[in-house]
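Novice: As input, take work09.cif (mmCIF, C-alpha atoms):
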```cif
data_input
loop_
_atom_site.group_PDB
_atom_site.id
_atom_site.type_symbol
_atom_site.label_atom_id
_atom_site.label_comp_id
_atom_site.auth_asym_id
_atom_site.auth_seq_id
_atom_site.Cartn_x
_atom_site.Cartn_y
_atom_site.Cartn_z
ATOM 1 C CA MET A 18 140.048 73.252 69.487
ATOM 2 C CA LYS A 19 138.411 76.641 69.895
ATOM 3 C CA THR A 20 135.278 75.380 68.132
ATOM 4 C CA ARG A 21 135.067 72.399 70.476
ATOM 5 C CA ASN A 22 135.228 74.711 73.535
ATOM 6 C CA SER A 23 132.637 77.023 72.001
ATOM 7 C CA LEU A 24 130.302 74.111 71.399
ATOM 8 C CA LYS A 25 130.748 73.002 74.989
ATOM 9 C CA SER A 26 129.706 76.431 76.269
ATOM 10 C CA ALA A 27 126.662 76.438 74.016
ATOM 11 C CA ALA A 28 125.597 73.130 75.518
ATOM 12 C CA LEU A 29 125.652 74.689 78.982
ATOM 13 C CA THR A 30 123.162 77.422 78.208
ATOM 14 C CA ALA A 31 120.601 77.768 80.948
ATOM 15 C CA LEU A 32 117.274 79.522 80.894
ATOM 16 C CA LEU A 33 116.083 82.122 83.331
ATOM 17 C CA ALA A 34 112.438 83.040 83.645
ATOM 18 C CA ILE A 35 112.148 86.746 84.267
ATOM 19 C CA THR A 36 109.044 88.517 85.426
ATOM 20 C CA VAL A 37 108.793 91.538 83.215
ATOM 21 C CA SER A 38 105.170 92.519 83.088
ATOM 22 C CA ALA A 39 104.539 96.215 83.454
ATOM 23 C CA GLN A 40 101.232 95.505 85.187
ATOM 24 C CA ALA A 41 101.482 94.348 88.801
ATOM 25 C CA GLU A 42 98.576 91.922 88.603
ATOM 26 C CA GLU A 43 100.318 89.989 85.824
ATOM 27 C CA GLN A 44 103.743 89.768 87.423
ATOM 28 C CA SER A 45 103.153 86.509 89.247
ATOM 29 C CA THR A 46 102.203 84.528 86.142
ATOM 30 C CA ASP A 47 103.569 86.225 83.034
ATOM 31 C CA ARG A 48 107.226 85.622 82.373
ATOM 32 C CA PHE A 49 109.644 85.889 79.518
ATOM 33 C CA VAL A 50 112.547 83.501 79.301
ATOM 34 C CA MET A 51 116.115 84.615 78.633
ATOM 35 C CA ALA A 52 119.152 82.467 77.892
ATOM 36 C CA VAL A 53 122.174 82.622 80.192
ATOM 37 C CA TYR A 54 125.549 80.959 79.667
ATOM 38 C CA GLU A 55 125.871 79.390 83.083
ATOM 39 C CA ASP A 56 129.454 78.222 82.603
ATOM 40 C CA MET A 57 130.671 81.564 81.304
ATOM 41 C CA ALA A 58 131.398 84.912 82.942
ATOM 42 C CA GLN A 59 129.138 85.096 85.951
ATOM 43 C CA GLY A 60 126.304 82.985 84.567
ATOM 44 C CA ARG A 61 125.890 81.061 87.816
ATOM 45 C CA ALA A 62 125.647 84.324 89.773
ATOM 46 C CA ILE A 63 122.896 85.512 87.439
ATOM 47 C CA LEU A 64 120.996 82.254 87.867
ATOM 48 C CA GLY A 65 121.565 82.450 91.611
ATOM 49 C CA GLY A 66 119.900 85.843 91.834
ATOM 50 C CA SER A 67 123.026 88.016 92.058
ATOM 51 C CA PRO A 68 122.865 90.119 88.906
ATOM 52 C CA ASP A 69 124.609 93.094 90.545
ATOM 53 C CA GLU A 70 127.649 90.915 91.292
ATOM 54 C CA SER A 71 127.681 89.750 87.690
ATOM 55 C CA ILE A 72 127.453 93.290 86.354
ATOM 56 C CA LYS A 73 130.365 94.443 88.547
ATOM 57 C CA THR A 74 132.530 91.523 87.500
ATOM 58 C CA LEU A 75 131.681 91.711 83.804
ATOM 59 C CA THR A 76 132.180 95.468 83.525
ATOM 60 C CA ARG A 77 135.351 95.691 85.626
ATOM 61 C CA GLY A 78 138.368 96.483 83.488
ATOM 62 C CA ASN A 79 138.300 95.861 79.730
ATOM 63 C CA GLY A 80 137.809 99.599 79.138
ATOM 64 C CA GLY A 81 134.060 98.992 79.096
ATOM 65 C CA GLU A 82 134.372 96.541 76.206
ATOM 66 C CA ILE A 83 132.956 93.069 76.801
ATOM 67 C CA ALA A 84 135.048 90.614 74.834
ATOM 68 C CA SER A 85 132.935 87.551 74.224
ATOM 69 C CA PHE A 86 129.500 86.830 72.860
ATOM 70 C CA GLU A 87 128.622 84.844 75.994
ATOM 71 C CA GLU A 88 129.658 87.697 78.296
ATOM 72 C CA ASN A 89 127.442 90.115 76.371
ATOM 73 C CA VAL A 90 124.527 87.685 76.587
ATOM 74 C CA ASN A 91 125.006 87.337 80.337
ATOM 75 C CA LEU A 92 125.401 91.079 80.823
ATOM 76 C CA CYS A 93 122.189 91.674 78.868
ATOM 77 C CA VAL A 94 120.318 89.325 81.210
ATOM 78 C CA ALA A 95 121.875 90.768 84.368
ATOM 79 C CA TYR A 96 120.954 94.317 83.358
ATOM 80 C CA THR A 97 117.444 93.141 82.515
ATOM 81 C CA GLN A 98 117.118 91.579 85.963
ATOM 82 C CA VAL A 99 117.930 94.885 87.643
ATOM 83 C CA LYS A 100 115.728 96.802 85.183
ATOM 84 C CA ARG A 101 118.560 98.839 83.650
ATOM 85 C CA ILE A 102 116.918 98.664 80.246
ATOM 86 C CA ASP A 103 119.237 101.072 78.399
ATOM 87 C CA ASP A 104 122.263 99.096 79.559
ATOM 88 C CA ALA A 105 120.509 95.811 78.744
ATOM 89 C CA THR A 106 119.782 97.127 75.259
ATOM 90 C CA ALA A 107 123.445 97.994 74.690
ATOM 91 C CA ALA A 108 124.647 94.583 75.924
ATOM 92 C CA CYS A 109 122.028 92.747 73.860
ATOM 93 C CA ASP A 110 122.899 94.784 70.776
ATOM 94 C CA ALA A 111 126.575 93.894 71.257
ATOM 95 C CA ALA A 112 125.667 90.192 71.536
ATOM 96 C CA VAL A 113 123.547 90.408 68.378
ATOM 97 C CA ALA A 114 126.408 92.144 66.527
ATOM 98 C CA LYS A 115 128.898 89.474 67.594
ATOM 99 C CA ALA A 116 126.480 86.723 66.543
ATOM 100 C CA GLU A 117 125.899 88.403 63.170
ATOM 101 C CA ALA A 118 129.657 88.679 62.627
ATOM 102 C CA ALA A 119 130.053 84.965 63.391
ATOM 103 C CA MET A 120 127.265 84.177 60.904
ATOM 104 C CA ALA A 121 129.035 86.231 58.248
ATOM 105 C CA ARG A 122 132.320 84.418 58.914
ATOM 106 C CA THR A 123 130.660 81.014 58.501
ATOM 107 C CA ARG A 124 129.042 82.157 55.219
ATOM 108 C CA ASP A 125 132.405 83.319 53.930
ATOM 109 C CA ARG A 126 134.166 80.076 54.842
ATOM 110 C CA ASN A 127 131.509 77.568 53.896
ATOM 111 C CA PRO A 128 128.087 78.539 52.605
ATOM 112 C CA HIS A 129 126.784 75.036 53.276
ATOM 113 C CA PHE A 130 125.765 73.546 56.588
ATOM 114 C CA SER A 131 128.569 73.041 59.064
ATOM 115 C CA THR A 132 128.983 72.707 62.807
ATOM 116 C CA ALA A 133 130.315 76.248 63.004
ATOM 117 C CA ARG A 134 127.339 77.549 61.033
ATOM 118 C CA ARG A 135 124.868 75.708 63.299
ATOM 119 C CA LYS A 136 126.541 77.208 66.376
ATOM 120 C CA ALA A 137 126.471 80.676 64.807
ATOM 121 C CA GLN A 138 122.757 80.289 64.052
ATOM 122 C CA THR A 139 122.059 79.117 67.602
ATOM 123 C CA ASP A 140 124.034 82.036 69.052
ATOM 124 C CA GLN A 141 122.172 84.494 66.865
ATOM 125 C CA ALA A 142 118.810 82.972 67.858
ATOM 126 C CA ILE A 143 119.726 83.281 71.549
ATOM 127 C CA ALA A 144 120.877 86.889 71.159
ATOM 128 C CA LEU A 145 117.786 87.871 69.178
ATOM 129 C CA SER A 146 115.421 86.225 71.646
ATOM 130 C CA ASN A 147 117.062 87.969 74.598
ATOM 131 C CA ARG A 148 117.010 91.269 72.694
ATOM 132 C CA ALA A 149 113.320 90.730 71.958
ATOM 133 C CA VAL A 150 112.608 90.448 75.683
ATOM 134 C CA VAL A 151 114.248 93.824 76.223
ATOM 135 C CA HIS A 152 112.140 95.276 73.385
ATOM 136 C CA ALA A 153 109.013 93.825 75.003
ATOM 137 C CA LEU A 154 109.978 95.375 78.341
ATOM 138 C CA SER A 155 110.296 98.717 76.595
ATOM 139 C CA GLY A 156 106.815 98.355 75.149
ATOM 140 C CA GLU A 157 108.174 97.720 71.645
ATOM 141 C CA ARG A 158 106.162 94.554 71.063
ATOM 142 C CA ASP A 159 106.098 94.685 67.256
ATOM 143 C CA GLU A 160 109.899 94.837 67.222
ATOM 144 C CA ALA A 161 110.028 92.007 69.769
ATOM 145 C CA ARG A 162 107.761 89.850 67.615
ATOM 146 C CA ALA A 163 109.906 90.416 64.512
ATOM 147 C CA LEU A 164 113.095 89.470 66.383
ATOM 148 C CA LEU A 165 111.479 86.351 67.846
ATOM 149 C CA GLU A 166 110.211 85.235 64.451
ATOM 150 C CA THR A 167 113.742 85.597 63.082
ATOM 151 C CA ALA A 168 115.183 83.694 66.060
ATOM 152 C CA ILE A 169 112.771 80.823 65.447
ATOM 153 C CA LYS A 170 113.686 80.707 61.738
ATOM 154 C CA LEU A 171 117.377 80.553 62.649
ATOM 155 C CA ASP A 172 116.971 77.812 65.234
ATOM 156 C CA SER A 173 113.540 76.268 65.603
ATOM 157 C CA ARG A 174 114.744 74.118 68.513
ATOM 158 C CA ARG A 175 114.722 77.110 70.870
ATOM 159 C CA LYS A 176 111.480 76.575 72.784
ATOM 160 C CA PHE A 177 111.998 79.711 74.862
ATOM 161 C CA ALA A 178 111.825 81.856 71.707
ATOM 162 C CA ARG A 179 108.449 80.293 70.896
ATOM 163 C CA SER A 180 107.285 80.868 74.467
ATOM 164 C CA ASN A 181 108.405 84.500 74.336
ATOM 165 C CA LEU A 182 106.658 84.954 70.977
ATOM 166 C CA ALA A 183 103.409 83.578 72.418
ATOM 167 C CA ARG A 184 103.694 86.040 75.299
ATOM 168 C CA VAL A 185 104.337 88.982 72.979
ATOM 169 C CA GLU A 186 101.429 88.019 70.748
ATOM 170 C CA GLN A 187 99.202 87.692 73.809
ATOM 171 C CA ASP A 188 100.217 91.205 74.850
ATOM 172 C CA LEU A 189 99.595 92.542 71.338
ATOM 173 C CA ALA A 190 96.149 90.915 71.216
ATOM 174 C CA ALA A 191 95.294 92.403 74.615
ATOM 175 C CA GLY A 192 96.453 95.813 73.417
ATOM 176 C CA SER A 193 98.908 96.222 76.301
#
```
Translate this file's structure into C-alpha cells.
Specialist:
Amino acid sequence: MKTRNSLKSAALTALLAITVSAQAEEQSTDRFVMAVYEDMAQGRAILGGSPDESIKTLTRGNGGEIASFEENVNLCVAYTQVKRIDDATAACDAAVAKAEAAMARTRDRNPHFSTARRKAQTDQAIALSNRAVVHALSGERDEARALLETAIKLDSRRKFARSNLARVEQDLAAGS
C-alpha cells in the first residue's frame, strides 16, 4: 500500500522553471528546471509563487528534520527560489541522501528490476537534477554537469535533466 501511494506522488511531480542566471541580461531567457512534488508538502504553494510560505510550513516543528524525500525536494526548490543557496544545498543533500538510501534498500531486496527500484531511480534522478541546479547557481558547473549526467543515466526519461545539462554545458562553453 505504501508503494502504491509513493508511486502516486511520483506521478504528480511538476516542473518549475527558475531563472537563475547570475548575469542580468540572461535572466529573461536562461532558465533551469527543478522538480516539485505538487501534491506533497507545500508543492502547490511553491508552484504558485509562495516559497516563503512553503519554507515556514515545511520547517515548522520536526526539530528541523524534514521527514520525507518529497518534502526535502520541495524545500530545496523553495530555498532556491528565495536564493538561500546554503539552505537549498542542505535540503537538496538531504533529498539525495534519502534517494540513495532507497536505492540501497531496493538493491538489498531485489537486485533485478522492480517497480520499487524504478521509483528509487526516478527519485534519485530528480534529487540529483535539483542539486545540480543549486551547484550551477553557486558557479560549480563541473559538479552540476557530473550530477546531471548521473541523473540522466538513472532515468533517461527526465527531459528537464537533459535541458539543465544543455544549459550547464552552454555556460561552460561560454566560460561563465
Novice: Run through the PyMOL selection byres ((chain A and resi 66) around 12) on the given coordinates and return the selected residues as a PyMOL selection string.
Specialist: chain A and resi 33-35+59-65+67-72+94-95+98-99
Novice: Can you turn the PyMOL selection byres ((chain A and resi 166) around 12) into a concrete residue list for this file, as a list in words?
Specialist: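 Output of the PyMOL selection byres ((chain A and resi 166) around 12): Ala142, Leu145, Ser146, Ala149, Asp159, Glu160, Ala161, Arg162, Ala163, Leu164, Leu165, Thr167, Ala168, Ile169, Lys170, Leu171, Asp172, Ser173, Arg175, Phe177, Ala178, Arg179, Ser180, Asn181, Leu182, Ala183, Val185 and Glu186 of chain A.
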Novice: Suppose we keep C-alpha atoms; can you now write the selection as a PDB file, in the coordinates of the input?
Specialist:
```pdb
ATOM      1  CA  ALA A 142     118.810  82.972  67.858  1.00  0.00           C
ATOM      2  CA  LEU A 145     117.786  87.871  69.178  1.00  0.00           C
ATOM      3  CA  SER A 146     115.421  86.225  71.646  1.00  0.00           C
ATOM      4  CA  ALA A 149     113.320  90.730  71.958  1.00  0.00           C
ATOM      5  CA  ASP A 159     106.098  94.685  67.256  1.00  0.00           C
ATOM      6  CA  GLU A 160     109.899  94.837  67.222  1.00  0.00           C
ATOM      7  CA  ALA A 161     110.028  92.007  69.769  1.00  0.00           C
ATOM      8  CA  ARG A 162     107.761  89.850  67.615  1.00  0.00           C
ATOM      9  CA  ALA A 163     109.906  90.416  64.512  1.00  0.00           C
ATOM     10  CA  LEU A 164     113.095  89.470  66.383  1.00  0.00           C
ATOM     11  CA  LEU A 165     111.479  86.351  67.846  1.00  0.00           C
ATOM     12  CA  THR A 167     113.742  85.597  63.082  1.00  0.00           C
ATOM     13  CA  ALA A 168     115.183  83.694  66.060  1.00  0.00           C
ATOM     14  CA  ILE A 169     112.771  80.823  65.447  1.00  0.00           C
ATOM     15  CA  LYS A 170     113.686  80.707  61.738  1.00  0.00           C
ATOM     16  CA  LEU A 171     117.377  80.553  62.649  1.00  0.00           C
ATOM     17  CA  ASP A 172     116.971  77.812  65.234  1.00  0.00           C
ATOM     18  CA  SER A 173     113.540  76.268  65.603  1.00  0.00           C
ATOM     19  CA  ARG A 175     114.722  77.110  70.870  1.00  0.00           C
ATOM     20  CA  PHE A 177     111.998  79.711  74.862  1.00  0.00           C
ATOM     21  CA  ALA A 178     111.825  81.856  71.707  1.00  0.00           C
ATOM     22  CA  ARG A 179     108.449  80.293  70.896  1.00  0.00           C
ATOM     23  CA  SER A 180     107.285  80.868  74.467  1.00  0.00           C
ATOM     24  CA  ASN A 181     108.405  84.500  74.336  1.00  0.00           C
ATOM     25  CA  LEU A 182     106.658  84.954  70.977  1.00  0.00           C
ATOM     26  CA  ALA A 183     103.409  83.578  72.418  1.00  0.00           C
ATOM     27  CA  VAL A 185     104.337  88.982  72.979  1.00  0.00           C
ATOM     28  CA  GLU A 186     101.429  88.019  70.748  1.00  0.00           C
TER      29      GLU A 186
END
```
Novice: Quick check, in Å to one decimal: how far apart do atom CA of A:Leu189 and atom CA of A:Cys93 lie?
Specialist: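 Straight-line distance from atom CA of A:Leu189 to atom CA of A:Cys93 works out to 23.8 Å.
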Novice: What does the PyMOL selection byres ((chain A and resi 75) around 8) select in this file, as an NGL selection string?
Specialist: :A and (58-59 or 71-74 or 76-77 or 83 or 88 or 92)
Novice: Limited to C-alpha atoms, could you put the picked residues into a file as a JSON list (two decimals), in the frame of the given file?
Specialist:
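Contents of the output file out-v9.json:
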```
[["chain", "number", "residue", "atom", "x", "y", "z"],
["A", 58, "ALA", "CA", 131.40, 84.91, 82.94],
["A", 59, "GLN", "CA", 129.14, 85.10, 85.95],
["A", 71, "SER", "CA", 127.68, 89.75, 87.69],
["A", 72, "ILE", "CA", 127.45, 93.29, 86.35],
["A", 73, "LYS", "CA", 130.36, 94.44, 88.55],
["A", 74, "THR", "CA", 132.53, 91.52, 87.50],
["A", 76, "THR", "CA", 132.18, 95.47, 83.52],
["A", 77, "ARG", "CA", 135.35, 95.69, 85.63],
["A", 83, "ILE", "CA", 132.96, 93.07, 76.80],
["A", 88, "GLU", "CA", 129.66, 87.70, 78.30],
["A", 92, "LEU", "CA", 125.40, 91.08, 80.82]]
```
Novice: Rank A:Ala111, A:Ile102, A:Val53, A:Ala118 by their smallest atom-to-atom distance to A:Gln138, using all atoms listed in the file, and report the top residue only.
Specialist: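 Looking only at the distances to A:Gln138, the closest residue turns out to be A:Ala118.
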Novice: Counting only C-alpha atoms, figure out which residue out of A:Met120, A:Ser155, A:Phe49, A:Gln187 gets nearest to A:Lys100.
Specialist: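 Using only C-alpha atoms, the shortest distance to A:Lys100 belongs to A:Ser155.
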Novice: At what distance in Å, to one decimal, does atom CA of A:Ser85 lie from atom CA of A:Val150?
Specialist: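 So the answer is 20.6 Å.
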Novice: Give the answer as one residue: which of A:Lys115, A:Cys109, A:Asp140, A:Arg124 has the shortest atom-to-atom distance to A:Val90, using all atoms listed in the file?
Specialist: A:Cys109
Novice: Just checking: using only C-alpha atoms, which residue out of A:Asn89, A:Asp56, A:Ala114, A:Gly192 ends up closest to A:Gln141?
Specialist: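 Ranking A:Asn89, A:Asp56, A:Ala114, A:Gly192 by distance to A:Gln141, first place goes to A:Ala114.
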Novice: Could you work out how far atom CA of A:Arg158 lies from atom CA of A:Ala108, giving the answer in Å with one decimal?
Specialist: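 Result for atom CA of A:Ala108 versus atom CA of A:Arg158: 19.1 Å, one decimal.
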Novice: To box stretch 104-108 of chain A, take all atoms listed in the file, fit an axis-aligned box, add 8 Å on each side, and give centre and edge lengths in Å to one decimal, as AutoDock Vina command-line options.
Specialist:
```
--center_x 122.2 --center_y 96.8 --center_z 77.1 --size_x 20.9 --size_y 20.5 --size_z 20.9
```
Novice: With distances taken over only C-alpha atoms, which of A:Ala84, A:Met57, A:Ala121, A:Ala105 is nearest to A:Asn147?
Specialist: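 The answer is A:Ala105, which sits nearest to A:Asn147.
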Novice: Tell me which of A:Ala119, A:Arg148, A:Arg101, A:Glu157 sits closest to A:Arg135, counting only C-alpha atoms.
Specialist: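 Going through A:Ala119, A:Arg148, A:Arg101, A:Glu157 one by one, the smallest distance to A:Arg135 is for A:Ala119.
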Novice: How would stretch 90-110 of chain A look with N, CA and C atoms restored, written as a compact mmCIF listing (two decimals), in the coordinates of the input?
Specialist:
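Contents of rebuild.txt, freshly written:
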```txt
# COMPACT_ATOMS: atom_id res chain seq x y z
N VAL A 90 125.83 88.31 76.32
CA VAL A 90 124.53 87.68 76.59
C VAL A 90 124.24 87.74 78.08
N ASN A 91 125.21 87.34 78.89
CA ASN A 91 125.01 87.34 80.34
C ASN A 91 124.82 88.74 80.89
N LEU A 92 125.55 89.71 80.37
CA LEU A 92 125.40 91.08 80.82
C LEU A 92 124.01 91.62 80.45
N CYS A 93 123.54 91.29 79.29
CA CYS A 93 122.19 91.67 78.87
C CYS A 93 121.16 91.17 79.87
N VAL A 94 121.27 89.91 80.27
CA VAL A 94 120.32 89.32 81.21
C VAL A 94 120.45 89.97 82.59
N ALA A 95 121.67 90.16 83.05
CA ALA A 95 121.88 90.77 84.37
C ALA A 95 121.28 92.17 84.42
N TYR A 96 121.53 92.97 83.39
CA TYR A 96 120.95 94.32 83.36
C TYR A 96 119.43 94.25 83.30
N THR A 97 118.90 93.29 82.59
CA THR A 97 117.44 93.14 82.52
C THR A 97 116.88 92.81 83.89
N GLN A 98 117.58 91.94 84.62
CA GLN A 98 117.12 91.58 85.96
C GLN A 98 117.02 92.79 86.89
N VAL A 99 117.94 93.72 86.76
CA VAL A 99 117.93 94.88 87.64
C VAL A 99 117.23 96.08 86.99
N LYS A 100 116.55 95.81 85.88
CA LYS A 100 115.73 96.80 85.18
C LYS A 100 116.52 98.01 84.69
N ARG A 101 117.76 97.79 84.29
CA ARG A 101 118.56 98.84 83.65
C ARG A 101 118.44 98.62 82.14
N ILE A 102 117.30 99.01 81.61
CA ILE A 102 116.92 98.66 80.25
C ILE A 102 117.86 99.26 79.20
N ASP A 103 118.30 100.49 79.38
CA ASP A 103 119.24 101.07 78.40
C ASP A 103 120.54 100.29 78.35
N ASP A 104 121.04 99.89 79.51
CA ASP A 104 122.26 99.10 79.56
C ASP A 104 122.02 97.70 78.99
N ALA A 105 120.86 97.13 79.29
CA ALA A 105 120.51 95.81 78.74
C ALA A 105 120.45 95.88 77.22
N THR A 106 119.87 96.94 76.71
CA THR A 106 119.78 97.13 75.26
C THR A 106 121.17 97.15 74.63
N ALA A 107 122.08 97.90 75.23
CA ALA A 107 123.44 97.99 74.69
C ALA A 107 124.14 96.64 74.72
N ALA A 108 124.01 95.90 75.82
CA ALA A 108 124.65 94.58 75.92
C ALA A 108 124.02 93.60 74.94
N CYS A 109 122.70 93.63 74.82
CA CYS A 109 122.03 92.75 73.86
C CYS A 109 122.44 93.08 72.43
N ASP A 110 122.49 94.38 72.12
CA ASP A 110 122.90 94.78 70.78
C ASP A 110 124.32 94.31 70.47
```
